[in-house]
Amino acid sequence: MQVRHFLQFKDLTQSELDYLFRRAAVLKRMLKQGELYQPLIAQSLAMIFQKNSTRTRVSFETGMYQLGGTALFLSPRDTQLGRAEPIEDTARVLSRMVNIVMIRTFEQEIVERFAKHSAVPVINGLTDEYHPCQILADIFTYIEKRGPIKGRTVAWIGDSNNVCNSWMQAAQILDFNLHVCTPPGYEIEPERVGNFDSMHVECFTNPNEAAIGADLVTTDVWTSMGYEDETEERKLDFADFRVDEEMMQLAHPDALFMHCLPAHRGEEVQAEVIDGPQSVVWDEAENRLHTQKALMEFLLIGKVQ
C-alpha cells in the first residue's frame, strides 16, 4: 500500500474523513464494551515531541497500546535531533525501525521534510501552522452530539492560530460555514493558511456578530506555545474576545461549546461556559483517543470493512 501521511487536514478526502468518523465511532463502542481489538500487534509508533503536551501524548500512546502496538516517546534530549542531526537523516533511520511516526513540533516545514524522507506514515501532532488531529476529534464530537456537520456554522473566536487554520481547511472539504473572528492584528495570515475559500469562510471583527446563529462556538488560548513573551500584550488585545454566556445566547439554542484545552477560565472563556451544559470539552478531549486510533489504523492497514 502506498505510504500516506496526515500533515494537514486536507491530506484526506471527504470520503476518507467520513470513513474515519464512522470508524472512530466503532472503535469507541468496542472499547466501551470491553471488546479486545488489536490489529497492530508487533507494530510500533515513534512519538517525537519538540513541544510538550498532555492530550497528544496520552491519546497516541494509549491508542497504540489498545490497538496492540507499542509507542516510543522521544524528546529532543533523547534523540540526535537535539544535537542537530538533520531531520532527513532521522526520518531515514526511524522509518526503518518503526511502523508509523507522530511529530509535535514547531514549523510545518519540519514535518514536511520528515515525511518526504520517511518510508512509513507520518502524522502531524501539532505544528505552528496546523493541528489536524484536533479538528478530527472536534468534528467527530460534533457528529456524535448533533449529527452531520455539513451546512452547519462554526464560530471561531480568538487568534488565527494552527487550530483555526485547520478549521478553515475542514470547512471547505466537509462543506460547512466557518466564522473567523480575531482582534485587529491577529487576522488570518494567507502565507500560513494559503488561499482560503470565501464561500465557506467569513471573517468578522465583532465576536458577538460571529456567534449569531452558530451551531458550534469554539476558541483556544490567547497565547499559543512559542508566543509566551506576548502574553500581557495579548491579554489586552483579546479582552473583548472572551466566550461568555451572552455570546452563547446569540448562537443557535442547541449550540455546543468546544475548546482544545488547556483552558484559562476568565481569559478566553468564562468559567460558566466551559463548565456549563453546552460545553462538550471533555468528550472532545477523550475523542482525540478514538479518532487517532482510527487514523493510525487507516494509515497502516487501510479501510476495515
# chains A, B, ... in the order shown; residues from 1 in each chain; ligands from 1

call {"tool": "select_by_dssp", "arguments": {"residues": "stretch 140-299 of chain A", "states": "strand (DSSP E or B)", "output": "VMD selection string"}}
result
chain A and resid 153 to 157 177 to 181 201 to 204 216 to 219 243 256 to 259 265 269 279

call {"tool": "write_last_selection", "arguments": {"atoms": "N, CA and C atoms", "output": "short mmCIF file (atom, residue, chain, number, x, y, z; two decimals), in the first residue's frame"}}
result
data_model
loop_
_atom_site.label_atom_id
_atom_site.label_comp_id
_atom_site.auth_asym_id
_atom_site.auth_seq_id
_atom_site.Cartn_x
_atom_site.Cartn_y
_atom_site.Cartn_z
N THR A 153 -22.84 25.92 10.95
CA THR A 153 -22.00 27.10 11.11
C THR A 153 -21.16 26.96 12.38
N VAL A 154 -19.85 27.10 12.21
CA VAL A 154 -18.89 27.06 13.33
C VAL A 154 -18.34 28.47 13.51
N ALA A 155 -18.34 28.97 14.72
CA ALA A 155 -17.76 30.28 15.03
C ALA A 155 -16.45 30.10 15.77
N TRP A 156 -15.38 30.57 15.16
CA TRP A 156 -14.06 30.54 15.81
C TRP A 156 -13.80 31.94 16.37
N ILE A 157 -13.58 32.02 17.67
CA ILE A 157 -13.37 33.30 18.34
C ILE A 157 -11.96 33.31 18.93
N ASN A 177 -19.93 26.11 7.20
CA ASN A 177 -19.57 27.53 7.25
C ASN A 177 -18.71 27.81 8.48
N LEU A 178 -17.68 28.62 8.29
CA LEU A 178 -16.79 28.97 9.40
C LEU A 178 -16.74 30.48 9.53
N HIS A 179 -17.12 30.97 10.70
CA HIS A 179 -16.99 32.39 11.03
C HIS A 179 -15.71 32.56 11.84
N VAL A 180 -14.76 33.29 11.31
CA VAL A 180 -13.49 33.53 12.00
C VAL A 180 -13.48 34.97 12.50
N CYS A 181 -13.37 35.13 13.81
CA CYS A 181 -13.36 36.46 14.42
C CYS A 181 -12.10 36.64 15.24
N VAL A 201 -15.66 30.39 4.38
CA VAL A 201 -15.04 31.11 5.49
C VAL A 201 -15.40 32.58 5.41
N GLU A 202 -15.94 33.12 6.49
CA GLU A 202 -16.29 34.54 6.56
C GLU A 202 -15.58 35.15 7.77
N CYS A 203 -14.98 36.31 7.57
CA CYS A 203 -14.22 36.95 8.63
C CYS A 203 -15.03 38.05 9.31
N PHE A 204 -14.90 38.14 10.63
CA PHE A 204 -15.62 39.11 11.45
C PHE A 204 -14.64 39.85 12.34
N LEU A 216 -21.89 25.78 16.59
CA LEU A 216 -20.74 25.44 17.43
C LEU A 216 -19.91 26.70 17.62
N VAL A 217 -19.57 27.01 18.86
CA VAL A 217 -18.67 28.11 19.19
C VAL A 217 -17.42 27.51 19.79
N THR A 218 -16.27 27.88 19.25
CA THR A 218 -15.03 27.26 19.72
C THR A 218 -13.92 28.31 19.80
N THR A 219 -12.97 28.06 20.67
CA THR A 219 -11.89 29.00 20.89
C THR A 219 -10.64 28.25 21.35
N VAL A 243 -15.28 34.17 25.25
CA VAL A 243 -16.57 33.50 25.02
C VAL A 243 -17.30 33.45 26.37
N LEU A 256 -23.18 24.05 20.65
CA LEU A 256 -22.18 23.46 21.52
C LEU A 256 -21.01 24.42 21.70
N PHE A 257 -20.27 24.23 22.80
CA PHE A 257 -19.02 24.96 23.01
C PHE A 257 -17.87 23.98 23.06
N MET A 258 -16.78 24.31 22.36
CA MET A 258 -15.57 23.48 22.38
C MET A 258 -14.33 24.32 22.65
N HIS A 259 -13.33 23.65 23.20
CA HIS A 259 -12.02 24.25 23.47
C HIS A 259 -11.03 23.10 23.44
N ARG A 265 -9.72 29.75 32.35
CA ARG A 265 -11.02 30.33 32.71
C ARG A 265 -10.84 31.80 33.11
N VAL A 269 -12.31 32.10 27.86
CA VAL A 269 -13.66 31.55 28.08
C VAL A 269 -14.09 31.79 29.53
N SER A 279 -21.17 22.94 27.01
CA SER A 279 -19.77 22.57 26.81
C SER A 279 -19.61 21.06 26.63
#

call {"tool": "residues_around", "arguments": {"residues": "A:Thr54", "least_positions_apart": "6", "cutoff": "12 Å", "atoms": "only C-alpha atoms", "output": "VMD selection string"}}
result
chain A and resid 60 to 62 104 125 260 to 262 285 to 286 288

call {"tool": "atom_distance", "arguments": {"atom1": "atom CA of A:Ile100", "atom2": "atom CA of A:Trp167"}}
result
24.8 Å

call {"tool": "residues_around", "arguments": {"residues": "A:Asp237", "least_positions_apart": "4", "cutoff": "12 Å", "atoms": "only C-alpha atoms", "output": "PyMOL selection string"}}
result
chain A and resi 158-159+182-186+222-223+230-233+241-242+267-268

call {"tool": "write_last_selection", "arguments": {"atoms": "C-alpha atoms", "output": "compact mmCIF listing (two decimals), in the first residue's frame"}}
result
# COMPACT_ATOMS: atom_id res chain seq x y z
CA GLY A 158 -9.77 34.33 19.04
CA ASP A 159 -6.35 34.02 17.47
CA THR A 182 -9.99 37.83 15.50
CA PRO A 183 -8.76 41.08 17.05
CA PRO A 184 -7.03 43.61 14.78
CA GLY A 185 -3.50 42.48 14.08
CA TYR A 186 -4.31 38.79 14.58
CA TRP A 222 -4.92 33.64 23.58
CA THR A 223 -1.20 32.86 23.75
CA GLU A 230 3.46 38.37 24.16
CA THR A 231 1.18 37.19 26.97
CA GLU A 232 0.44 40.52 28.62
CA GLU A 233 0.01 42.34 25.31
CA PHE A 241 -12.95 38.20 22.68
CA ARG A 242 -13.87 36.10 25.70
CA GLU A 267 -9.48 34.72 29.81
CA GLU A 268 -10.59 33.19 26.50

call {"tool": "atom_distance", "arguments": {"atom1": "atom CA of A:Asp89", "atom2": "atom CA of A:Thr127"}}
result
20.0 Å

call {"tool": "closest_residue", "arguments": {"among": "A:Leu72, A:Phe114, A:Tyr65, A:Phe176", "to": "A:Ile41", "atoms": "only C-alpha atoms"}}
result
A:Tyr65

call {"tool": "residues_around", "arguments": {"residues": "A:Pro39", "least_positions_apart": "5", "cutoff": "8 Å", "atoms": "only C-alpha atoms", "output": "ChimeraX atom specification"}}
result
/A:67-68,297

call {"tool": "residues_around", "arguments": {"residues": "A:Arg113", "least_positions_apart": "6", "cutoff": "10 Å", "atoms": "only C-alpha atoms", "output": "PyMOL selection string"}}
result
chain A and resi 86-88+91

call {"tool": "write_last_selection", "arguments": {"atoms": "N, CA and C atoms", "output": "PDB file, in the first residue's frame"}}
result
ATOM      1  N   PRO A  86      20.351  16.259  11.026  1.00  0.00           N
ATOM      2  CA  PRO A  86      19.361  16.685  10.031  1.00  0.00           C
ATOM      3  C   PRO A  86      18.080  15.874  10.148  1.00  0.00           C
ATOM      4  N   ILE A  87      16.939  16.557  10.024  1.00  0.00           N
ATOM      5  CA  ILE A  87      15.649  15.884  10.141  1.00  0.00           C
ATOM      6  C   ILE A  87      15.511  14.784   9.101  1.00  0.00           C
ATOM      7  N   GLU A  88      16.133  14.982   7.934  1.00  0.00           N
ATOM      8  CA  GLU A  88      16.069  13.977   6.877  1.00  0.00           C
ATOM      9  C   GLU A  88      16.749  12.681   7.300  1.00  0.00           C
ATOM     10  N   ALA A  91      14.613  10.838   9.839  1.00  0.00           N
ATOM     11  CA  ALA A  91      13.482  10.200   9.158  1.00  0.00           C
ATOM     12  C   ALA A  91      13.916   8.889   8.508  1.00  0.00           C
TER      13      ALA A  91
END

call {"tool": "residues_around", "arguments": {"residues": "A:Lys293", "least_positions_apart": "6", "cutoff": "9 Å", "atoms": "only C-alpha atoms", "output": "list in words"}}
result
Ala24, Leu27, Ser59, Phe60, Gly63, Met64, Gln66 and Leu67 of chain A

call {"tool": "decode", "arguments": {"residues": "stretch 245-272 of chain A", "atoms": "C-alpha atoms", "output": "compact mmCIF listing (two decimals), in the first residue's frame"}}
result
# COMPACT_ATOMS: atom_id res chain seq x y z
CA GLU A 245 -22.80 33.38 28.38
CA GLU A 246 -24.04 36.41 26.46
CA MET A 247 -22.20 35.27 23.35
CA MET A 248 -23.51 31.71 23.67
CA GLN A 249 -27.07 33.07 23.91
CA LEU A 250 -26.59 34.63 20.46
CA ALA A 251 -25.68 31.27 18.99
CA HIS A 252 -28.22 28.64 17.99
CA PRO A 253 -30.22 27.45 21.05
CA ASP A 254 -28.75 23.96 20.53
CA ALA A 255 -25.18 25.24 20.04
CA LEU A 256 -22.18 23.46 21.52
CA PHE A 257 -19.02 24.96 23.01
CA MET A 258 -15.57 23.48 22.38
CA HIS A 259 -12.02 24.25 23.47
CA CYS A 260 -8.98 22.14 22.59
CA LEU A 261 -7.51 22.65 26.11
CA PRO A 262 -5.72 23.55 28.28
CA ALA A 263 -8.10 26.42 29.07
CA HIS A 264 -7.68 29.60 31.07
CA ARG A 265 -11.02 30.33 32.71
CA GLY A 266 -11.65 34.04 32.86
CA GLU A 267 -9.48 34.72 29.81
CA GLU A 268 -10.59 33.19 26.50
CA VAL A 269 -13.66 31.55 28.08
CA GLN A 270 -15.93 32.30 31.00
CA ALA A 271 -15.98 29.53 33.63
CA GLU A 272 -19.78 29.35 33.40
